[in-house]
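Below you'll find the structure, written out as C-alpha cells, and then a few comments.
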Amino acid sequence: MATDSNSNNTSNLRIMVERNPSEARLSELNIKCWPKWGCSPGKYQLKFDAEEICYLLKGKVKAYPKGSSSEEFVEFGAGDLVTIPKGLSCTWDVSIAVDKYYKFESSSSSSSSS
C-alpha cells in the first residue's frame, strides 16, 4: 500500500463534472443568486482553498491537476456543473472565454479535523 503514498495527496482530489444538469437541479442550488466570474482565454494557475461548485454559462476549459501528466486533464464547458475539491491546485487552459456562476462551500466540516 505504501508504494503509491507519493501520489495519494492529490489523487483523491478529483474534479467532478455534471453535464447538462436539469433546470430543477439548478433552481434547487439557487444558482442565479451566486456571484459571477469570468476570464478570457489563457492559462491560469489556480489553488482552491475551499470546495467550489460552479456552473459555466460560457467557455471551454481543460483543467490540469498539479503534478499530473499532460494527458491527465478534465475538460468542461458551457452548461456543465463542476465541483472542484478543496486543496486542489491546477492549471486552467481556457480556450473559450469563461463566464460562470460560482459558490464556495464554506461548510464547517473543515474544522472537524482538529
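Residues in the C-alpha cells are named by chain (A, B, ... in the order shown) and by number from 1 within that chain; ligands are numbered from 1 in the order shown.
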_DSSP-assigned alpha helix (DSSP H) among chain A, expressed as number ranges by chain_ = A: 8-11, 23-29
Using all heavy atoms, can you export the residues from the last selection as a PDB file, in the first residue's frame?
ATOM      1  N   ASN A   8      -0.863   9.988  -3.302  1.00  0.00           N
ATOM      2  CA  ASN A   8      -2.204   9.975  -2.732  1.00  0.00           C
ATOM      3  C   ASN A   8      -2.650  11.329  -2.195  1.00  0.00           C
ATOM      4  O   ASN A   8      -3.800  11.510  -1.886  1.00  0.00           O
ATOM      5  CB  ASN A   8      -2.361   8.887  -1.659  1.00  0.00           C
ATOM      6  CG  ASN A   8      -1.572   9.176  -0.403  1.00  0.00           C
ATOM      7  OD1 ASN A   8      -0.942  10.234  -0.279  1.00  0.00           O
ATOM      8  ND2 ASN A   8      -1.598   8.249   0.524  1.00  0.00           N
ATOM      9  N   ASN A   9      -1.733  12.293  -2.101  1.00  0.00           N
ATOM     10  CA  ASN A   9      -2.158  13.607  -1.618  1.00  0.00           C
ATOM     11  C   ASN A   9      -3.008  14.343  -2.653  1.00  0.00           C
ATOM     12  O   ASN A   9      -3.803  15.185  -2.311  1.00  0.00           O
ATOM     13  CB  ASN A   9      -0.961  14.467  -1.201  1.00  0.00           C
ATOM     14  CG  ASN A   9       0.008  14.682  -2.339  1.00  0.00           C
ATOM     15  OD1 ASN A   9      -0.040  13.989  -3.356  1.00  0.00           O
ATOM     16  ND2 ASN A   9       0.896  15.639  -2.170  1.00  0.00           N
ATOM     17  N   THR A  10      -2.858  14.033  -3.930  1.00  0.00           N
ATOM     18  CA  THR A  10      -3.689  14.691  -4.937  1.00  0.00           C
ATOM     19  C   THR A  10      -4.641  13.735  -5.633  1.00  0.00           C
ATOM     20  O   THR A  10      -5.597  14.158  -6.235  1.00  0.00           O
ATOM     21  CB  THR A  10      -2.809  15.361  -6.017  1.00  0.00           C
ATOM     22  OG1 THR A  10      -1.923  14.378  -6.532  1.00  0.00           O
ATOM     23  CG2 THR A  10      -2.036  16.529  -5.467  1.00  0.00           C
ATOM     24  N   SER A  11      -4.393  12.437  -5.544  1.00  0.00           N
ATOM     25  CA  SER A  11      -5.201  11.504  -6.329  1.00  0.00           C
ATOM     26  C   SER A  11      -6.653  11.479  -5.876  1.00  0.00           C
ATOM     27  O   SER A  11      -7.537  11.163  -6.662  1.00  0.00           O
ATOM     28  CB  SER A  11      -4.607  10.101  -6.257  1.00  0.00           C
ATOM     29  OG  SER A  11      -4.591   9.647  -4.927  1.00  0.00           O
ATOM     30  N   GLU A  23     -33.015  21.904 -15.131  1.00  0.00           N
ATOM     31  CA  GLU A  23     -33.433  23.197 -14.580  1.00  0.00           C
ATOM     32  C   GLU A  23     -33.802  23.051 -13.107  1.00  0.00           C
ATOM     33  O   GLU A  23     -33.535  23.934 -12.302  1.00  0.00           O
ATOM     34  CB  GLU A  23     -34.634  23.744 -15.360  1.00  0.00           C
ATOM     35  CG  GLU A  23     -34.280  24.387 -16.684  1.00  0.00           C
ATOM     36  CD  GLU A  23     -33.373  25.604 -16.533  1.00  0.00           C
ATOM     37  OE1 GLU A  23     -33.556  26.391 -15.582  1.00  0.00           O
ATOM     38  OE2 GLU A  23     -32.464  25.756 -17.359  1.00  0.00           O
ATOM     39  N   ALA A  24     -34.416  21.932 -12.764  1.00  0.00           N
ATOM     40  CA  ALA A  24     -34.817  21.702 -11.373  1.00  0.00           C
ATOM     41  C   ALA A  24     -33.588  21.662 -10.468  1.00  0.00           C
ATOM     42  O   ALA A  24     -33.587  22.232  -9.377  1.00  0.00           O
ATOM     43  CB  ALA A  24     -35.594  20.397 -11.264  1.00  0.00           C
ATOM     44  N   ARG A  25     -32.547  21.006 -10.944  1.00  0.00           N
ATOM     45  CA  ARG A  25     -31.299  20.921 -10.170  1.00  0.00           C
ATOM     46  C   ARG A  25     -30.688  22.306  -9.990  1.00  0.00           C
ATOM     47  O   ARG A  25     -30.233  22.663  -8.904  1.00  0.00           O
ATOM     48  CB  ARG A  25     -30.337  19.979 -10.904  1.00  0.00           C
ATOM     49  CG  ARG A  25     -28.932  19.952 -10.340  1.00  0.00           C
ATOM     50  CD  ARG A  25     -28.695  18.718  -9.477  1.00  0.00           C
ATOM     51  NE  ARG A  25     -27.282  18.538  -9.186  1.00  0.00           N
ATOM     52  CZ  ARG A  25     -26.722  18.853  -8.015  1.00  0.00           C
ATOM     53  NH1 ARG A  25     -27.445  19.357  -7.043  1.00  0.00           N
ATOM     54  NH2 ARG A  25     -25.440  18.631  -7.820  1.00  0.00           N
ATOM     55  N   LEU A  26     -30.684  23.091 -11.056  1.00  0.00           N
ATOM     56  CA  LEU A  26     -30.099  24.426 -10.988  1.00  0.00           C
ATOM     57  C   LEU A  26     -30.897  25.344 -10.060  1.00  0.00           C
ATOM     58  O   LEU A  26     -30.319  26.116  -9.299  1.00  0.00           O
ATOM     59  CB  LEU A  26     -30.018  25.043 -12.391  1.00  0.00           C
ATOM     60  CG  LEU A  26     -29.101  24.314 -13.381  1.00  0.00           C
ATOM     61  CD1 LEU A  26     -29.169  24.970 -14.744  1.00  0.00           C
ATOM     62  CD2 LEU A  26     -27.670  24.263 -12.880  1.00  0.00           C
ATOM     63  N   SER A  27     -32.222  25.246 -10.103  1.00  0.00           N
ATOM     64  CA  SER A  27     -33.016  26.112  -9.225  1.00  0.00           C
ATOM     65  C   SER A  27     -32.922  25.649  -7.775  1.00  0.00           C
ATOM     66  O   SER A  27     -32.962  26.457  -6.859  1.00  0.00           O
ATOM     67  CB  SER A  27     -34.467  26.174  -9.697  1.00  0.00           C
ATOM     68  OG  SER A  27     -35.050  24.899  -9.649  1.00  0.00           O
ATOM     69  N   GLU A  28     -32.742  24.348  -7.590  1.00  0.00           N
ATOM     70  CA  GLU A  28     -32.555  23.805  -6.240  1.00  0.00           C
ATOM     71  C   GLU A  28     -31.267  24.366  -5.621  1.00  0.00           C
ATOM     72  O   GLU A  28     -31.206  24.669  -4.434  1.00  0.00           O
ATOM     73  CB  GLU A  28     -32.479  22.278  -6.368  1.00  0.00           C
ATOM     74  CG  GLU A  28     -32.186  21.511  -5.107  1.00  0.00           C
ATOM     75  CD  GLU A  28     -31.869  20.036  -5.441  1.00  0.00           C
ATOM     76  OE1 GLU A  28     -32.634  19.418  -6.206  1.00  0.00           O
ATOM     77  OE2 GLU A  28     -30.846  19.529  -4.955  1.00  0.00           O
ATOM     78  N   LEU A  29     -30.241  24.532  -6.457  1.00  0.00           N
ATOM     79  CA  LEU A  29     -28.979  25.100  -5.988  1.00  0.00           C
ATOM     80  C   LEU A  29     -29.038  26.623  -5.892  1.00  0.00           C
ATOM     81  O   LEU A  29     -28.142  27.244  -5.347  1.00  0.00           O
ATOM     82  CB  LEU A  29     -27.845  24.708  -6.955  1.00  0.00           C
ATOM     83  CG  LEU A  29     -27.432  23.234  -6.947  1.00  0.00           C
ATOM     84  CD1 LEU A  29     -26.565  22.923  -8.156  1.00  0.00           C
ATOM     85  CD2 LEU A  29     -26.699  22.885  -5.671  1.00  0.00           C
TER      86      LEU A  29
END
*Considering only C-alpha atoms, return as a ChimeraX atom specification whatever protein or nucleic-acid residues lie within 9 Å of Val98 (chain A), sequence-local ones (same chain, fewer than 3 positions apart) excluded.*
/A:37-41,56-61,77-78,94-95
Can you spit out the residues from that selection as a PDB file, in the first residue's frame, using C-alpha atoms?
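What landed in again04.pdb:
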ATOM      1  CA  TRP A  37     -16.805  35.316 -12.505  1.00  0.00           C
ATOM      2  CA  GLY A  38     -15.278  35.349 -15.932  1.00  0.00           C
ATOM      3  CA  CYS A  39     -11.905  35.176 -17.629  1.00  0.00           C
ATOM      4  CA  SER A  40     -10.536  35.485 -21.117  1.00  0.00           C
ATOM      5  CA  PRO A  41      -8.669  32.708 -22.934  1.00  0.00           C
ATOM      6  CA  LEU A  56     -20.471  27.555 -16.707  1.00  0.00           C
ATOM      7  CA  LEU A  57     -22.661  29.811 -18.827  1.00  0.00           C
ATOM      8  CA  LYS A  58     -19.943  30.153 -21.450  1.00  0.00           C
ATOM      9  CA  GLY A  59     -16.489  28.873 -22.108  1.00  0.00           C
ATOM     10  CA  LYS A  60     -14.316  25.822 -22.535  1.00  0.00           C
ATOM     11  CA  VAL A  61     -11.652  24.722 -20.052  1.00  0.00           C
ATOM     12  CA  GLY A  77     -17.539  23.964 -20.649  1.00  0.00           C
ATOM     13  CA  ALA A  78     -20.822  25.796 -21.117  1.00  0.00           C
ATOM     14  CA  VAL A  94      -9.091  28.313 -21.192  1.00  0.00           C
ATOM     15  CA  SER A  95      -9.704  28.065 -24.940  1.00  0.00           C
TER      16      SER A  95
END
_Top pick for closest residue to Asn30 (chain A), considering A:Glu18, A:Gly79, A:Lys43, A:Tyr55 and counting only C-alpha atoms_ =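 Going through A:Glu18, A:Gly79, A:Lys43, A:Tyr55 one by one, the smallest distance to Asn30 (chain A) is for A:Tyr55.
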*Please measure the separation of CA of Leu88 (chain A) and CA of Glu71 (chain A), giving the value in Å to one decimal.*
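Pair CA of Leu88 (chain A) / CA of Glu71 (chain A) returns 17.6 Å.
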*Suppose you want the space between CA of Cys54 (chain A) and CA of Phe104 (chain A); what is it in Å?*
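Result for CA of Cys54 (chain A) versus CA of Phe104 (chain A): 8.6 Å, one decimal.
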*Select, from A:Trp92, A:Phe76, A:Trp34, A:Phe48, the residue with the minimum atom-to-atom distance to Ala63 (chain A), counting only C-alpha atoms.*
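Smallest distance to Ala63 (chain A) is found for A:Trp92.
Computed from the coordinates, the CA of Ile53 (chain A) to CA of Lys36 (chain A) distance equals 11.8 Å.
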_Need the shell around Tyr64 (chain A): protein/DNA/RNA residues with any atom at most 9 Å away, counting only C-alpha atoms. Skip same-chain ones fewer than 3 positions apart. Format as a PyMOL selection string?_
chain A and resi 67-75+89-93
_Could you check the closest approach to Lys100 (chain A) for each of A:Ile31, A:Ile84, A:Ala50, A:Met16 and tell me which residue wins, using only C-alpha atoms?_
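Closest to Lys100 (chain A) of all the choices is A:Ile31.
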